[in-house]
Amino acid sequence: MRNPLSEKIVEIKPSGIRKFFDVVKSIDGAISLGVGEPDFDTPWHIRDEGIYSLEKGRTFYTSNSGLRELKVEVCNYLKRRQNIQYEPDDQVLVTVGGSEAIDLALRAMVDPGDEVLIPQPSYVSYEPCAILAGAKPVIIELKEENEFRLTAEEILEHVTDKTKILVLPFPNNPTGAIMEKKDLEAIAKVIEEKDLFVISDEIYSELTYTDKHVSIVEIPGMYERTVLINGFSKSYAMTGWRLGYACGPKDIIAQMTKIHQFAIMCAPTTSQYAAVEALKNGDEDVAMMREQYNQRRRYLVKELRDLGLPCFEPFGAFYIFPCIKEFGMSSDEFATKLLQEEKLAVVPGNAFGNCGEGFIRISYAYSLDDLKKAMERLKRFIDNHR
Amino acid sequence: MVNRDELLRAIDKNSRIGVEELAVILAAPEIEVANELRALEDEGIICGYHTMIDWSKTNIEKVMALIEVKVTPQRGIGFDSIAERIYKYPEVTSVYLMSGGFDLMVMLEGKSLKEVATFVTNKLSPLDTVLSCSTHFILQKYKEHGTILTKKYEDTREIVTP
């Protein structure tokens, strides 16, 4: 029998998080700071609309690009929050989570041999999706001394005449880094000069703790070059609903919609109805959750600094990314020992790229009480190993 | 500067949280948090720090009732005087002036059904301005002060996710 598998697929490394997940599962009674999703339930009025849509029998496909009502609300939302104008009929595509949108955007925009710039540490799917799309991923290793922000110089160091796309993952998972307006303006110049396109993954846009999030789309010249990706998972605590969206120039969205149409058909109908309610009446829920995350963030930054673990203050998402190099262990060893000795799960930084080595990701999508218990364990562990 | 609204929201669900911790999560100096709490108490905005106890899980018998009271308002003082007459009884835990089909909602806590009944017949109903009482006994508390009493929060998320 011939080998049934594709070489390209087999060669892609499985997610480092998956590997660690299996280790965590084998430890009984572990407490975790390893989760990349909100601890809040989806607000009840949003769930209620989902249920109501089922009761009314809204159980059919929607149009490929999504319910028109939802696309209109997405446009209203982006206008209201970020003053970005899109047309609901040909500039918005509703997807199965932000993840699908990342995959589609890459597939719609690259040809074999094109290079895609991927800053790391970052979410685990950009690199494999770029490979699946036939592109060559080029990793930019972000630096702690820049608070893991992306600089124009770093782009210039990695750009070649084959570079076509820059993935922009801010606010960032796993570092909690953000890009402020001045940072975006600095890279926008290079993007224009080198004629690049941007896939801007802004799934954590509602979770910034200093100023309101700024999208690269707001920077002059970038609207025409950017696919903006966002979704409902993080801001409205709707991870399991699997709903996101992409907005951008008509011709890109049209090609993304074509792939989506053949591969997915349409995003889940129930989720789309619930999402309409989220965008219409969910602003207060988002504000409430943001306030809670911010309080936990302040608590954790202080605790980690009291423990003497170096970490820059993260201003976005719900992660802190402290450095653990002083212990002379790799991230994997540190996380595994912490799990075995104190039954506390955190994610090794290298799961998000080689340059995450020497760091761990701590999620604060947990109640303050849970965080306190976890910090006691971390303190004991650190005291034992210093 | 302490954000007063955020401070109130932070202690609304957890009155035991200390000044030190409040200072951290609100990013304000401890002294300011302490002063603000004092001010809120002085202004009567913070009226107390109570413990929420689900008595039904203890051996202590408690009967709780909700009484709808219709009264005749009095010239000049409206409902205040009759409300005061009622809230002075220690067994009364809350009194609200209501819109709609009745005037005062009185919450009552007693040791037994008989005790509540006695209070209604001997003390509440005979009051001059009380026109009628309709007593409802509370059978089960599902949720109080935003907290679900019948179920514990369970984290059903996968233990590690990207």
# chains A, B, ... in the order shown; residues from 1 in each chain; ligands from 1
$ interface_residues --of "chain B" --to "chain A" --cutoff "8 Å" --atoms "only C-alpha atoms" --output "PDB file with N, CA and C atoms, in the first residue's frame"
ATOM      1  N   GLU B  21      -4.945  44.774  49.310  1.00  0.00           N
ATOM      2  CA  GLU B  21      -5.236  44.135  48.023  1.00  0.00           C
ATOM      3  C   GLU B  21      -6.027  45.073  47.106  1.00  0.00           C
ATOM      4  N   VAL B  24      -3.774  47.278  45.288  1.00  0.00           N
ATOM      5  CA  VAL B  24      -3.087  46.643  44.144  1.00  0.00           C
ATOM      6  C   VAL B  24      -4.006  46.557  42.938  1.00  0.00           C
ATOM      7  N   ILE B  25      -5.203  46.019  43.146  1.00  0.00           N
ATOM      8  CA  ILE B  25      -6.048  45.773  41.968  1.00  0.00           C
ATOM      9  C   ILE B  25      -6.627  47.062  41.400  1.00  0.00           C
ATOM     10  N   LEU B  26      -6.699  48.118  42.209  1.00  0.00           N
ATOM     11  CA  LEU B  26      -7.222  49.384  41.686  1.00  0.00           C
ATOM     12  C   LEU B  26      -6.102  50.350  41.299  1.00  0.00           C
ATOM     13  N   ALA B  27      -4.875  49.919  41.486  1.00  0.00           N
ATOM     14  CA  ALA B  27      -3.708  50.750  41.162  1.00  0.00           C
ATOM     15  C   ALA B  27      -3.786  52.122  41.837  1.00  0.00           C
ATOM     16  N   ASP B 155     -15.292  24.963  36.841  1.00  0.00           N
ATOM     17  CA  ASP B 155     -14.519  25.343  35.661  1.00  0.00           C
ATOM     18  C   ASP B 155     -14.502  24.161  34.703  1.00  0.00           C
ATOM     19  N   ARG B 157     -13.525  24.336  31.528  1.00  0.00           N
ATOM     20  CA  ARG B 157     -12.631  24.543  30.388  1.00  0.00           C
ATOM     21  C   ARG B 157     -11.580  23.437  30.311  1.00  0.00           C
ATOM     22  N   GLU B 158     -11.049  23.217  29.128  1.00  0.00           N
ATOM     23  CA  GLU B 158      -9.889  22.344  28.992  1.00  0.00           C
ATOM     24  C   GLU B 158      -8.770  22.959  29.839  1.00  0.00           C
ATOM     25  N   ILE B 159      -7.899  22.122  30.349  1.00  0.00           N
ATOM     26  CA  ILE B 159      -6.944  22.639  31.339  1.00  0.00           C
ATOM     27  C   ILE B 159      -5.812  23.472  30.713  1.00  0.00           C
ATOM     28  N   VAL B 160      -5.459  23.184  29.475  1.00  0.00           N
ATOM     29  CA  VAL B 160      -4.479  23.998  28.753  1.00  0.00           C
ATOM     30  C   VAL B 160      -4.992  24.218  27.334  1.00  0.00           C
ATOM     31  N   THR B 161      -5.091  25.463  26.910  1.00  0.00           N
ATOM     32  CA  THR B 161      -5.488  25.736  25.523  1.00  0.00           C
ATOM     33  C   THR B 161      -4.601  26.856  24.968  1.00  0.00           C
ATOM     34  N   PRO B 162      -4.465  26.904  23.631  1.00  0.00           N
ATOM     35  CA  PRO B 162      -3.599  27.940  23.059  1.00  0.00           C
ATOM     36  C   PRO B 162      -4.221  29.324  23.240  1.00  0.00           C
TER      37      PRO B 162
END
$ select_by_dssp --residues "chain B" --states "alpha helix (DSSP H)" --output "ChimeraX atom specification"
/B:4-12,19-26,30-42,80-87,113-118
$ write_last_selection --atoms "N, CA and C atoms" --output "compact mmCIF listing (two decimals), in the first residue's frame"
# COMPACT_ATOMS: atom_id res chain seq x y z
N ARG B 4 -13.97 55.70 42.45
CA ARG B 4 -14.97 55.35 43.45
C ARG B 4 -15.92 54.26 42.95
N ASP B 5 -16.35 54.38 41.71
CA ASP B 5 -17.28 53.38 41.17
C ASP B 5 -16.63 52.00 41.11
N GLU B 6 -15.37 51.99 40.66
CA GLU B 6 -14.69 50.70 40.55
C GLU B 6 -14.45 50.10 41.94
N LEU B 7 -14.14 50.97 42.89
CA LEU B 7 -13.94 50.50 44.28
C LEU B 7 -15.22 49.84 44.79
N LEU B 8 -16.36 50.51 44.56
CA LEU B 8 -17.63 49.96 45.04
C LEU B 8 -17.94 48.63 44.35
N ARG B 9 -17.67 48.58 43.05
CA ARG B 9 -17.92 47.31 42.34
C ARG B 9 -17.02 46.20 42.87
N ALA B 10 -15.78 46.58 43.22
CA ALA B 10 -14.83 45.56 43.70
C ALA B 10 -15.24 44.99 45.04
N ILE B 11 -15.82 45.82 45.92
CA ILE B 11 -16.18 45.28 47.24
C ILE B 11 -17.63 44.80 47.29
N ASP B 12 -18.39 45.10 46.24
CA ASP B 12 -19.79 44.69 46.21
C ASP B 12 -19.94 43.18 46.37
N VAL B 19 -7.64 46.36 52.40
CA VAL B 19 -7.20 47.62 51.79
C VAL B 19 -5.95 47.41 50.94
N GLU B 20 -5.05 46.57 51.45
CA GLU B 20 -3.80 46.33 50.75
C GLU B 20 -4.06 45.76 49.35
N GLU B 21 -4.94 44.77 49.31
CA GLU B 21 -5.24 44.13 48.02
C GLU B 21 -6.03 45.07 47.11
N LEU B 22 -6.95 45.81 47.70
CA LEU B 22 -7.70 46.78 46.90
C LEU B 22 -6.75 47.77 46.23
N ALA B 23 -5.75 48.19 47.00
CA ALA B 23 -4.79 49.15 46.46
C ALA B 23 -4.09 48.58 45.23
N VAL B 24 -3.77 47.28 45.29
CA VAL B 24 -3.09 46.64 44.14
C VAL B 24 -4.01 46.56 42.94
N ILE B 25 -5.20 46.02 43.15
CA ILE B 25 -6.05 45.77 41.97
C ILE B 25 -6.63 47.06 41.40
N LEU B 26 -6.70 48.12 42.21
CA LEU B 26 -7.22 49.38 41.69
C LEU B 26 -6.10 50.35 41.30
N GLU B 30 -2.52 52.79 49.14
CA GLU B 30 -3.36 52.24 50.21
C GLU B 30 -4.08 53.32 51.01
N ILE B 31 -3.36 54.38 51.30
CA ILE B 31 -3.93 55.42 52.15
C ILE B 31 -5.16 56.04 51.49
N GLU B 32 -5.08 56.18 50.15
CA GLU B 32 -6.24 56.74 49.44
C GLU B 32 -7.43 55.80 49.46
N VAL B 33 -7.15 54.52 49.31
CA VAL B 33 -8.23 53.54 49.35
C VAL B 33 -8.90 53.57 50.72
N ALA B 34 -8.06 53.59 51.78
CA ALA B 34 -8.60 53.60 53.14
C ALA B 34 -9.44 54.86 53.38
N ASN B 35 -8.94 56.00 52.91
CA ASN B 35 -9.69 57.24 53.08
C ASN B 35 -11.02 57.21 52.33
N GLU B 36 -10.97 56.66 51.14
CA GLU B 36 -12.18 56.61 50.33
C GLU B 36 -13.23 55.69 50.97
N LEU B 37 -12.76 54.57 51.52
CA LEU B 37 -13.70 53.66 52.19
C LEU B 37 -14.35 54.36 53.39
N ARG B 38 -13.51 55.08 54.13
CA ARG B 38 -14.03 55.82 55.29
C ARG B 38 -15.07 56.85 54.83
N ALA B 39 -14.75 57.55 53.76
CA ALA B 39 -15.67 58.56 53.26
C ALA B 39 -16.99 57.92 52.83
N LEU B 40 -16.90 56.78 52.16
CA LEU B 40 -18.11 56.10 51.69
C LEU B 40 -18.97 55.65 52.87
N GLU B 41 -18.30 55.24 53.95
CA GLU B 41 -19.05 54.86 55.16
C GLU B 41 -19.69 56.09 55.77
N ASP B 42 -18.92 57.16 55.89
CA ASP B 42 -19.44 58.39 56.51
C ASP B 42 -20.63 58.95 55.73
N ASP B 80 -43.71 57.32 55.09
CA ASP B 80 -42.52 57.21 55.95
C ASP B 80 -42.84 56.76 57.37
N SER B 81 -43.89 57.34 57.91
CA SER B 81 -44.20 57.05 59.30
C SER B 81 -44.61 55.59 59.49
N ILE B 82 -45.47 55.10 58.59
CA ILE B 82 -45.89 53.70 58.74
C ILE B 82 -44.72 52.74 58.45
N ALA B 83 -43.88 53.13 57.50
CA ALA B 83 -42.70 52.29 57.21
C ALA B 83 -41.82 52.20 58.45
N GLU B 84 -41.66 53.31 59.14
CA GLU B 84 -40.83 53.33 60.34
C GLU B 84 -41.43 52.44 61.43
N ARG B 85 -42.74 52.53 61.59
CA ARG B 85 -43.42 51.67 62.57
C ARG B 85 -43.06 50.21 62.32
N ILE B 86 -43.04 49.88 61.04
CA ILE B 86 -42.82 48.46 60.68
C ILE B 86 -41.34 48.09 60.78
N TYR B 87 -40.46 48.94 60.27
CA TYR B 87 -39.05 48.49 60.23
C TYR B 87 -38.39 48.44 61.59
N LEU B 113 -42.91 29.02 61.48
CA LEU B 113 -44.09 29.48 60.78
C LEU B 113 -45.02 30.21 61.75
N LYS B 114 -45.11 29.64 62.95
CA LYS B 114 -46.00 30.19 63.96
C LYS B 114 -45.55 31.59 64.35
N GLU B 115 -44.26 31.74 64.49
CA GLU B 115 -43.75 33.04 64.90
C GLU B 115 -44.07 34.11 63.85
N VAL B 116 -43.91 33.75 62.60
CA VAL B 116 -44.23 34.70 61.53
C VAL B 116 -45.72 35.01 61.54
N ALA B 117 -46.53 33.97 61.68
CA ALA B 117 -47.99 34.15 61.70
C ALA B 117 -48.39 35.08 62.85
N THR B 118 -47.79 34.86 64.00
CA THR B 118 -48.11 35.67 65.17
C THR B 118 -47.76 37.14 64.91
$ closest_residue --among "A:Pro169, A:Lys194, A:Ile178, A:Lys162" --to "Ile140 in chain A" --atoms "only C-alpha atoms"
A:Pro169
$ residues_around --residues "Ile264 in chain A" --least-positions-apart "2" --cutoff "9 Å" --atoms "only C-alpha atoms" --output "PyMOL selection string"
chain A and resi 64+95-96+259-262+266-267
$ write_last_selection --atoms "C-alpha atoms" --output "short mmCIF file (atom, residue, chain, number, x, y, z; two decimals), in the first residue's frame"
data_model
loop_
_atom_site.label_atom_id
_atom_site.label_comp_id
_atom_site.auth_asym_id
_atom_site.auth_seq_id
_atom_site.Cartn_x
_atom_site.Cartn_y
_atom_site.Cartn_z
CA ASN A 64 -21.89 32.17 2.56
CA THR A 95 -15.94 32.91 9.70
CA VAL A 96 -15.67 29.94 12.04
CA ILE A 259 -12.61 29.44 -0.29
CA HIS A 260 -14.95 29.70 2.68
CA GLN A 261 -17.90 28.84 0.46
CA PHE A 262 -16.29 25.62 -0.76
CA CYS A 266 -21.20 29.23 6.28
CA ALA A 267 -20.48 29.87 9.94
#
$ select_by_dssp --residues "range 114-312 of chain A" --states "strand (DSSP E or B)" --output "count of residues only"
34
$ residues_around --residues "Ser56 in chain B" --least-positions-apart "4" --cutoff "9 Å" --atoms "only C-alpha atoms" --output "list in words"
Ile60, Glu61, Lys62, Gln140 and Lys141 of chain B
$ write_last_selection --atoms "C-alpha atoms" --output "compact mmCIF listing (two decimals), in the first residue's frame"
# COMPACT_ATOMS: atom_id res chain seq x y z
CA ILE B 60 -30.59 26.51 62.56
CA GLU B 61 -34.25 26.81 61.68
CA LYS B 62 -35.26 29.98 59.96
CA GLN B 140 -36.07 28.04 48.46
CA LYS B 141 -33.47 30.66 47.69
$ residues_around --residues "Tyr77 in chain A" --least-positions-apart "6" --cutoff "10 Å" --atoms "only C-alpha atoms" --output "count of residues only"
7
$ closest_residue --among "A:Ala188, A:Leu304, A:Val94, A:Val198" --to "Leu378 in chain A" --atoms "only C-alpha atoms"
A:Leu304
$ residues_around --residues "range 44-54 of chain A" --least-positions-apart "5" --cutoff "9 Å" --atoms "only C-alpha atoms" --output "ChimeraX atom specification"
/A:59,236,269-278,281-282
$ closest_residue --among "A:Ala335, A:Val159, A:Val227, A:Val72" --to "Asp251 in chain A" --atoms "only C-alpha atoms"
A:Val227
$ atom_distance --atom1 "CA of Ala374 in chain A" --atom2 "CA of Ile320 in chain A"
13.9 Å
$ atom_distance --atom1 "CA of Leu228 in chain A" --atom2 "CA of Glu313 in chain A"
25.9 Å
$ closest_residue --among "A:Glu218, A:Phe381, A:Glu11, A:Tyr223" --to "Gln82 in chain A" --atoms "only C-alpha atoms"
A:Glu218
$ residues_around --residues "Thr147 in chain B" --least-positions-apart "4" --cutoff "12 Å" --atoms "only C-alpha atoms" --output "list in words"
Asp12, Lys13, Asn14, Met52, Ile53, Asp54, Lys141, Tyr142, Lys143, Lys151, Lys152 and Tyr153 of chain B
